[in-house]
Structures are given as C-alpha cells and as structure tokens.
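Next comes query-v4.tsv, a file with TSV, C-alpha atoms and all ligand atoms.
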chain	number	residue	atom	x	y	z
A	140	MET	CA	271.90	-47.06	121.43
A	141	ASN	CA	268.89	-47.54	123.74
A	142	HIS	CA	268.21	-50.74	125.73
A	143	ILE	CA	266.04	-52.44	123.12
A	144	GLU	CA	268.53	-51.61	120.32
A	145	PHE	CA	271.28	-53.16	122.45
A	146	LEU	CA	269.16	-56.28	122.96
A	147	SER	CA	268.26	-56.77	119.33
A	148	GLN	CA	271.87	-56.80	118.05
A	149	THR	CA	272.76	-59.88	116.01
A	150	VAL	CA	273.95	-62.64	118.36
A	151	PRO	CA	277.71	-62.95	117.84
A	152	ALA	CA	279.02	-66.25	116.46
A	153	ASP	CA	280.57	-67.11	119.84
A	154	GLY	CA	277.03	-67.45	121.20
A	155	HIS	CA	277.26	-64.61	123.74
A	156	TRP	CA	273.82	-63.04	123.96
A	157	PRO	CA	273.17	-59.40	124.68
A	158	PHE	CA	271.05	-59.16	127.82
A	159	VAL	CA	269.38	-56.35	129.74
A	160	LYS	CA	268.64	-56.70	133.43
A	161	MET	CA	265.64	-54.79	134.79
A	162	HIS	CA	263.59	-54.81	137.93
A	163	GLY	CA	260.03	-54.03	138.91
A	164	LEU	CA	260.11	-53.17	142.63
A	165	GLU	CA	263.31	-55.20	143.11
A	166	ASN	CA	261.86	-58.26	141.37
A	167	TYR	CA	264.82	-58.87	139.02
A	168	PHE	CA	264.69	-60.08	135.41
A	169	VAL	CA	267.27	-61.04	132.80
A	170	ILE	CA	265.82	-60.23	129.38
A	171	LEU	CA	266.90	-61.63	125.98
A	172	ASP	CA	265.55	-60.88	122.53
A	173	ARG	CA	264.87	-64.14	120.69
A	174	ARG	CA	262.74	-62.81	117.86
A	175	GLU	CA	265.28	-63.94	115.28
A	176	VAL	CA	265.92	-67.38	116.83
A	177	ALA	CA	263.65	-70.41	116.63
A	178	LYS	CA	265.32	-72.96	118.92
A	179	PRO	CA	264.61	-73.01	122.67
A	180	PHE	CA	267.18	-72.62	125.45
A	181	ALA	CA	268.39	-75.65	127.33
A	182	VAL	CA	266.94	-75.76	130.87
A	183	GLU	CA	270.42	-75.77	132.38
A	184	ASP	CA	271.17	-72.53	130.53
A	185	ILE	CA	268.07	-70.87	131.98
A	186	ILE	CA	269.17	-71.91	135.46
A	187	ARG	CA	272.73	-70.66	134.84
A	188	ILE	CA	271.60	-67.34	133.32
A	189	CYS	CA	269.38	-66.63	136.34
A	190	SER	CA	272.12	-67.56	138.80
A	191	THR	CA	273.82	-64.48	140.28
A	192	ASN	CA	277.35	-65.84	140.04
A	193	VAL	CA	277.55	-65.40	136.26
A	194	GLY	CA	277.12	-61.63	136.17
A	195	ALA	CA	273.49	-61.30	135.14
A	196	GLY	CA	271.31	-63.04	137.72
A	197	GLY	CA	267.61	-62.64	138.23
A	198	GLU	CA	264.45	-64.14	139.64
A	199	GLN	CA	263.08	-64.87	136.16
A	200	LEU	CA	264.44	-65.09	132.63
A	201	LEU	CA	262.23	-63.27	130.11
A	202	THR	CA	262.49	-63.76	126.38
A	203	ILE	CA	261.03	-61.48	123.72
A	204	GLU	CA	259.52	-63.65	120.99
A	205	ARG	CA	257.62	-63.09	117.77
A	206	PRO	CA	253.86	-63.12	118.35
A	207	SER	CA	251.86	-66.07	117.03
A	208	SER	CA	249.41	-65.52	114.17
A	209	GLU	CA	246.61	-65.49	116.79
A	210	GLY	CA	248.57	-62.93	118.81
A	211	ARG	CA	249.16	-60.75	115.77
A	212	ALA	CA	245.45	-60.90	114.92
A	213	ALA	CA	244.70	-59.73	118.46
A	214	GLY	CA	247.05	-56.79	118.05
A	215	ALA	CA	250.08	-58.18	119.92
A	216	TYR	CA	253.34	-56.47	118.95
A	217	ALA	CA	255.53	-59.16	120.55
A	218	ALA	CA	255.26	-62.21	122.77
A	219	MET	CA	256.95	-62.78	126.13
A	220	ARG	CA	257.99	-66.10	127.69
A	221	ILE	CA	258.72	-66.28	131.41
A	222	PHE	CA	261.01	-68.84	133.09
A	223	ASN	CA	261.50	-69.34	136.83
A	224	ILE	CA	265.02	-69.90	138.21
A	225	ASP	CA	264.47	-73.68	138.15
A	226	GLY	CA	263.97	-73.53	134.36
A	227	ASN	CA	260.18	-74.04	134.50
A	228	GLU	CA	258.09	-71.85	132.23
A	229	VAL	CA	255.27	-69.98	134.00
A	230	GLY	CA	252.08	-68.41	132.74
A	231	ALA	CA	252.27	-64.92	134.20
A	232	CYS	CA	254.46	-62.37	135.96
A	233	GLY	CA	253.10	-58.91	136.71
A	234	ASN	CA	256.39	-57.12	137.41
A	235	ALA	CA	257.98	-58.72	134.34
A	236	THR	CA	255.13	-57.54	132.13
A	237	ARG	CA	255.70	-53.92	133.19
A	238	CYS	CA	259.44	-54.21	132.41
A	239	MET	CA	258.83	-55.89	129.05
A	240	ALA	CA	256.20	-53.28	128.17
A	241	TYR	CA	258.66	-50.47	128.93
A	242	LEU	CA	261.23	-52.00	126.54
A	243	LEU	CA	258.69	-52.52	123.76
A	244	LEU	CA	257.31	-49.00	124.22
A	245	GLU	CA	260.90	-47.79	123.84
A	246	GLU	CA	261.08	-49.70	120.55
A	247	THR	CA	257.68	-48.65	119.17
A	248	ARG	CA	257.83	-45.10	120.56
A	249	THR	CA	254.14	-45.40	121.36
A	250	GLU	CA	252.02	-45.03	124.49
A	251	GLU	CA	250.39	-48.49	124.42
A	252	VAL	CA	251.46	-51.99	123.51
A	253	VAL	CA	249.86	-55.45	123.61
A	254	ILE	CA	252.06	-58.38	124.70
A	255	GLU	CA	251.13	-61.98	123.98
A	256	THR	CA	251.79	-64.30	126.93
A	257	ALA	CA	250.90	-67.89	127.81
A	258	SER	CA	247.93	-66.49	129.71
A	259	GLY	CA	246.63	-64.16	127.02
A	260	MET	CA	247.10	-60.77	125.43
A	261	LEU	CA	248.11	-58.13	127.97
A	262	LYS	CA	247.39	-54.47	127.27
A	263	CYS	CA	250.03	-52.16	128.70
A	264	HIS	CA	250.42	-48.39	128.68
A	265	ARG	CA	252.65	-45.69	130.06
A	266	ALA	CA	251.39	-44.23	133.33
A	267	GLY	CA	254.10	-41.65	134.00
A	268	SER	CA	257.86	-41.55	134.02
A	269	ARG	CA	259.03	-45.16	134.32
A	270	GLN	CA	255.54	-46.18	135.47
A	271	ILE	CA	253.54	-48.75	133.51
A	272	SER	CA	249.94	-49.98	133.80
A	273	VAL	CA	249.03	-53.52	132.73
A	274	THR	CA	245.55	-55.04	132.47
A	275	LEU	CA	245.66	-58.60	133.83
A	276	GLY	CA	243.11	-61.32	134.31
A	277	PRO	CA	240.48	-62.54	134.46
A	278	ILE	CA	241.11	-63.68	138.02
A	279	SER	CA	239.42	-67.00	138.72
A	280	LEU	CA	238.41	-68.75	141.94
A	281	ASP	CA	237.59	-71.96	140.05
A	282	TRP	CA	239.46	-74.84	141.77
A	283	GLN	CA	240.10	-76.58	138.45
A	284	LYS	CA	241.55	-73.45	136.94
A	285	VAL	CA	243.94	-72.70	139.87
A	286	PRO	CA	244.64	-75.74	139.47
A	287	MET	CA	243.81	-77.81	142.58
A	288	SER	CA	243.76	-81.58	142.83
A	289	ARG	CA	240.22	-81.80	144.23
A	290	GLU	CA	237.14	-79.62	144.65
A	291	VAL	CA	237.42	-77.23	147.62
A	292	ASP	CA	235.91	-73.90	148.62
A	293	THR	CA	238.66	-71.68	147.18
A	294	LEU	CA	237.48	-68.70	149.27
A	295	HIS	CA	238.15	-70.70	152.46
A	296	LEU	CA	240.96	-73.19	151.88
A	297	PRO	CA	241.07	-76.27	154.14
A	298	LEU	CA	244.81	-75.76	154.80
A	299	LYS	CA	246.79	-74.60	157.81
A	300	SER	CA	250.49	-73.97	158.38
A	301	GLY	CA	251.41	-72.06	161.56
A	302	PRO	CA	249.66	-68.65	161.42
A	303	LEU	CA	248.48	-69.28	157.83
A	304	SER	CA	244.91	-70.57	157.67
A	305	ASP	CA	241.58	-69.95	155.93
A	306	GLY	CA	243.31	-68.79	152.73
A	307	VAL	CA	241.98	-68.02	149.26
A	308	ALA	CA	243.16	-69.81	146.09
A	309	LEU	CA	243.08	-67.97	142.77
A	310	HIS	CA	244.39	-68.03	139.22
A	311	ILE	CA	245.57	-65.03	137.21
A	312	GLY	CA	247.62	-66.90	134.62
A	313	ASN	CA	249.61	-68.49	137.45
A	314	PRO	CA	248.39	-70.08	140.72
A	315	HIS	CA	248.20	-68.18	144.01
A	316	ALA	CA	247.04	-68.75	147.57
A	317	VAL	CA	246.56	-65.68	149.78
A	318	PHE	CA	246.39	-65.85	153.58
A	319	PHE	CA	245.25	-62.91	155.71
A	320	VAL	CA	246.98	-62.44	159.05
A	321	ASP	CA	246.55	-59.89	161.86
A	322	ARG	CA	250.21	-58.87	161.63
A	323	LEU	CA	252.58	-59.61	158.74
A	324	VAL	CA	255.81	-61.09	160.13
A	325	HIS	CA	258.28	-61.57	157.25
A	326	ASP	CA	260.47	-64.01	159.19
A	327	ASP	CA	257.49	-66.36	159.52
A	328	ILE	CA	257.07	-66.77	155.77
A	329	PRO	CA	260.01	-69.11	154.98
A	330	LEU	CA	258.95	-71.19	157.99
A	331	PHE	CA	255.30	-71.68	157.07
A	332	ALA	CA	254.73	-70.91	153.37
A	333	PRO	CA	256.70	-73.89	151.89
A	334	ALA	CA	254.24	-76.40	153.40
A	335	ILE	CA	251.39	-74.64	151.56
A	336	GLN	CA	253.41	-74.24	148.35
A	337	ASN	CA	254.19	-77.96	148.24
A	338	ASP	CA	250.82	-79.26	149.47
A	339	PRO	CA	249.41	-81.98	147.17
A	340	LEU	CA	246.26	-79.85	146.80
A	341	PHE	CA	248.34	-77.79	144.34
A	342	PRO	CA	249.67	-80.16	141.66
A	343	GLU	CA	251.64	-77.34	140.01
A	344	GLY	CA	252.70	-75.73	143.30
A	345	VAL	CA	251.43	-72.29	144.26
A	346	ASN	CA	252.70	-68.79	144.96
A	347	VAL	CA	251.87	-68.06	148.61
A	348	GLY	CA	250.89	-64.51	149.59
A	349	VAL	CA	250.65	-63.38	153.20
A	350	ALA	CA	248.56	-60.22	153.57
A	351	GLU	CA	247.64	-57.83	156.36
A	352	ALA	CA	244.75	-55.43	155.90
A	353	ILE	CA	245.71	-51.87	156.84
A	354	ASP	CA	242.51	-49.97	156.15
A	355	ALA	CA	239.54	-49.90	153.74
A	356	ASP	CA	241.74	-49.51	150.64
A	357	SER	CA	245.20	-50.77	151.49
A	358	ILE	CA	246.99	-53.95	152.42
A	359	ARG	CA	250.54	-55.06	153.18
A	360	LEU	CA	251.77	-58.16	151.32
A	361	ALA	CA	254.75	-60.48	151.04
A	362	VAL	CA	254.88	-63.42	148.61
A	363	TRP	CA	256.72	-66.74	148.82
A	364	GLU	CA	256.95	-67.44	145.10
A	365	ARG	CA	257.48	-70.68	143.25
A	366	PRO	CA	259.98	-72.35	143.26
A	367	GLY	CA	260.67	-71.23	146.85
A	368	ILE	CA	261.85	-67.62	147.11
A	369	LEU	CA	260.66	-64.66	149.12
A	370	THR	CA	260.67	-61.82	146.58
A	371	LYS	CA	260.64	-58.09	147.33
A	372	ALA	CA	257.46	-57.77	145.24
A	373	CYS	CA	255.10	-59.92	143.20
A	374	GLY	CA	252.83	-58.20	140.69
A	375	THR	CA	250.38	-61.03	140.09
A	376	GLY	CA	250.43	-61.67	143.86
A	377	ALA	CA	249.42	-58.05	144.48
A	378	CYS	CA	246.52	-58.33	141.99
A	379	VAL	CA	245.07	-61.50	143.50
A	380	ALA	CA	245.61	-60.27	147.08
A	381	ALA	CA	243.62	-57.09	146.32
A	382	TYR	CA	240.88	-59.18	144.69
A	383	ALA	CA	240.81	-61.69	147.58
A	384	ALA	CA	240.78	-58.86	150.14
A	385	LEU	CA	237.68	-57.39	148.48
A	386	LYS	CA	235.94	-60.78	148.20
A	387	ARG	CA	236.63	-61.55	151.86
A	388	GLY	CA	235.68	-58.04	153.10
A	389	PHE	CA	239.14	-56.94	154.28
A	390	VAL	CA	238.90	-53.87	152.00
A	391	ASN	CA	235.86	-52.20	150.48
A	392	SER	CA	237.36	-50.23	147.62
A	393	MET	CA	237.86	-51.14	143.95
A	394	LYS	CA	241.20	-49.29	144.10
A	395	VAL	CA	243.61	-50.99	146.46
A	396	LYS	CA	247.12	-49.90	147.42
A	397	VAL	CA	249.33	-52.92	147.97
A	398	TYR	CA	252.49	-52.29	150.01
A	399	LEU	CA	255.18	-54.87	149.28
A	400	PRO	CA	258.65	-55.00	150.89
A	401	ALA	CA	260.14	-52.95	147.99
A	402	GLY	CA	257.29	-50.48	147.55
A	403	GLU	CA	253.76	-49.89	146.36
A	404	LEU	CA	251.65	-51.26	143.51
A	405	LYS	CA	248.28	-49.71	142.71
A	406	ILE	CA	245.62	-52.26	141.82
A	407	GLU	CA	242.30	-51.27	140.31
A	408	LEU	CA	239.62	-53.95	140.13
A	409	ILE	CA	237.58	-53.46	136.97
A	410	GLU	CA	234.74	-55.33	135.25
A	411	ASN	CA	234.79	-59.05	134.37
A	412	ASP	CA	237.27	-59.94	137.14
A	413	MET	CA	240.03	-58.02	135.35
A	414	VAL	CA	242.52	-55.78	137.19
A	415	VAL	CA	244.81	-52.92	136.23
A	416	MET	CA	248.18	-52.97	137.98
A	417	THR	CA	250.30	-49.81	137.98
A	418	GLY	CA	253.88	-49.62	139.20
A	419	PRO	CA	257.48	-48.73	138.45
A	420	VAL	CA	260.18	-50.23	136.26
A	421	ALA	CA	263.95	-49.70	136.45
A	422	PHE	CA	267.13	-50.73	134.61
A	423	CYS	CA	270.00	-52.46	136.42
A	424	CYS	CA	272.68	-53.30	133.84
A	425	HIS	CA	273.33	-54.83	130.43
A	426	GLY	CA	276.03	-57.03	128.93
A	427	TYR	CA	276.63	-60.35	127.19
A	428	ILE	CA	275.96	-63.80	128.48
A	429	GLU	CA	276.74	-67.25	127.09
A	430	GLY	CA	273.60	-69.10	126.01
A	431	ARG	CA	273.76	-72.33	124.08
A	432	LEU	CA	270.62	-73.53	122.33
A	433	ALA	CA	268.90	-76.85	123.06
A	434	ALA	CA	269.73	-79.52	120.49
A	501	LIG	N1	257.11	-62.21	140.48
A	501	LIG	C1	256.10	-62.47	139.56
A	501	LIG	C2	255.54	-63.86	139.47
A	501	LIG	C3	256.56	-64.79	138.82
A	501	LIG	C4	256.06	-66.20	138.56
A	501	LIG	C5	255.91	-67.00	139.79
A	501	LIG	N2	257.16	-67.21	140.48
A	501	LIG	C6	255.25	-68.36	139.44
A	501	LIG	O1	255.90	-69.41	139.58
A	501	LIG	O2	254.09	-68.36	139.05
A	501	LIG	C7	255.08	-61.36	139.48
A	501	LIG	O3	255.49	-60.20	139.60
A	501	LIG	O4	253.91	-61.61	139.22

As structure tokens, the full file:
Amino acid sequence: MNHIEFLSQTVPADGHWPFVKMHGLENYFVILDRREVAKPFAVEDIIRICSTNVGAGGEQLLTIERPSSEGRAAGAYAAMRIFNIDGNEVGACGNATRCMAYLLLEETRTEEVVIETASGMLKCHRAGSRQISVTLGPISLDWQKVPMSREVDTLHLPLKSGPLSDGVALHIGNPHAVFFVDRLVHDDIPLFAPAIQNDPLFPEGVNVGVAEAIDADSIRLAVWERPGILTKACGTGACVAAYAALKRGFVNSMKVKVYLPAGELKIELIENDMVVMTGPVAFCCHGYIEGRLAA
C-alpha cells in the first residue's frame, strides 16, 4: 500500500483517521484525506492534531478535498485546505503544495497535477526524484490585497522593529512582509518579528521574512510565520522574498536561489508576476489519529 492508498482507507467507526506526515524542507504537515467526508473538523481538533504530544504533530494540517465544480472545470484533480496550528485556515503554503502534489501524483501516476486552493488553481509537476515544481501567484504589491489597514508604499513599509526596517509587503495567497538586512541573525527574529506580525497595519497578521542578499542571484532567508513560529523553511516566503529582492535591486536575476535554514528552494520569476518554486518533499511517518467532526 502506498501513502495515498493508506490515507484513503475508509475511516474506521471509532473515528481514528489515517494520517500521513510529510515535510518540505523540515516544514512539517499532517495530511488527511477528507474527500469522502462533508463535515468540517472542530477547531480544537485541528489544534490537537497539529500538537506534537499526540504522535502526529506538524506546523500545518492539510486536508485533501474534492474539487469544486469551478475547480474541476479548471482541470483541478483535488482541492487542498490548509490550517495553521491555531486552527485558522490560510490561503497558501508553498511547502505544503509540493507535499500534496507528490501524494496526488502518486495516486494519478502522472507527471503533472492541478490542485485547487483558496488562492487559486496551482499547477504542479515532478522535477526529479522527490522534487516538485509549483507555479504560484500572481504576487501582488497592492496594499488592499496584502491586506493592509491603510494605503502605504508597500515597497518601502513605514515600519521599524530593531534591525527590521524599510520592508516590502506582498500577497501570494497569504500575506508577507520581507525585510532586507546586512547580516541575517536568526536569534534576532523572535525578538523583533512579532511586533511587525502583530502591527495593526496588518489586520490579518503577516508572515515576516528576514532576508540577506548574498550575490546577484541568491539570498538567505528565515521566516517568522503566522501565528508566531520560526520555521525551517517557508515556500511562499521564499517566492515573495525573491520577487521583493528583484524589485528592490538586491538581485538582478529572474532565477533566484533562496537558502533557508533547512536548505534551498529554487525560485524562477516568470511572466505576469507568477513564480515557479522547485524543492524537495519527504515522508516522516503515518498512523491513525482521533478526529471528531464539528457538530
Ligand atoms: N510554511 C508555509 C506558509 C504557511 C502559512 C503561513 N503560516 C500563513 O499563516 O500564511 C509555506 O511554505 O509557504
């Protein structure tokens, strides 16, 4: 039985769900197949499933869903929902999309798959052994789209927290702010990024990237993600950091290597503010987890 066959077993009557845990550059996901179930999870179950002391544990819960009729018409094979560890649903997750694509490619035995998400239809394809490419975007600098609470110059944010200043705010299905520093000091991030993440300028909060330009086509990056965790990698963060670096003149190539604490993502900036992100996926474990449904 492969991973997707394990996931799509009938949920036993005792309500213990088969789960698979995967990671994309040590960004960890618990994945459940809900294509045969209509009712949503209770928020407290999402929080419990993501918590590491119950055996699964992850930085997001991902559910495989049936595509909508619009999704099907656009060629989507399945839909994906993404929940943060606080139970909030989010619009995008780059590392998660690679993992989900790998599972669905295992199921379809094809080279390409389209996944419907809250932020649109994402085209994914194999890019080598356990490497997946995903086309994400469009990336937007529009303050209303980010969203921000008032009009600002999103290429030069009027915000400062310690060494973080003159940042860039962007949207790629979820909100990001990227700050360029001379030297990336990871220990600084939990000290200074929360003030940006929780600033009233961002009514939905924001994922805060701290980036250091290395040369004309590469940057180093760490991301303080919503709801307040420093992850080992953030796929959407890497895409917007590469885009912001080009817009601000820190790199001058359309192909940017982004070095995150857990490894490298390749970001190619293509037409219409779209990007192609390429990176690895890996399996951690699988098992059964209790998951009641919301009333
Ligand atoms: N790690 C993800 C982003 C996950 C969502 C984020 N925490 C948010 O709240 O928007 C990625 O790889 O993109």

Practice task
Find the residues near ligand LIG 501 (chain A). Use a cut-off of 7 Å, count all atoms listed in the file, and write them as a PyMOL selection string.
Solution key: chain A and resi 166+223+229-235+313-314+346+364-366+372-376

Practice task
Quick one: pull the distance between CA of Thr417 in chain A and CA of Ala383 in chain A, Å, one decimal.
Solution key: 18.0 Å

Exercise for the section: State, in Å with one decimal place, the distance from CA of Arg205 in chain A to CA of Thr274 in chain A. Expected result: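 Distance reported for this atom pair: 20.7 Å.
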
Practice task
Select, from A:Lys405, A:His155, A:His295, A:His310, the residue with the minimum atom-to-atom distance to Pro277 in chain A, counting all atoms listed in the file.
Solution key: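 The shortest atom-to-atom distance to Pro277 in chain A comes from A:His310.
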
Exercise for the section: Have a look at A:Val182, A:Leu323, A:Ala213, A:Leu340 and name the one nearest to Gln283 in chain A; count all atoms listed in the file. Expected result: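 Closest to Gln283 in chain A of all the choices is A:Leu340.
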
First collect every listed atom of range 255-272 of chain A; then fit an axis-aligned box around them, widen it by 6 Å on each side, and give centre and edge lengths in Å to one decimal, as AutoDock Vina command-line options.
--center_x 252.8 --center_y -54.7 --center_z 129.7 --size_x 24.4 --size_y 38.3 --size_z 23.5

Handout entry: From A:Ile353, A:Val420, A:Val345, A:Leu171, residue lying nearest Gln148 in chain A [all atoms listed in the file]
Key =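 Closest residue, counting all atoms listed in the file: A:Leu171.
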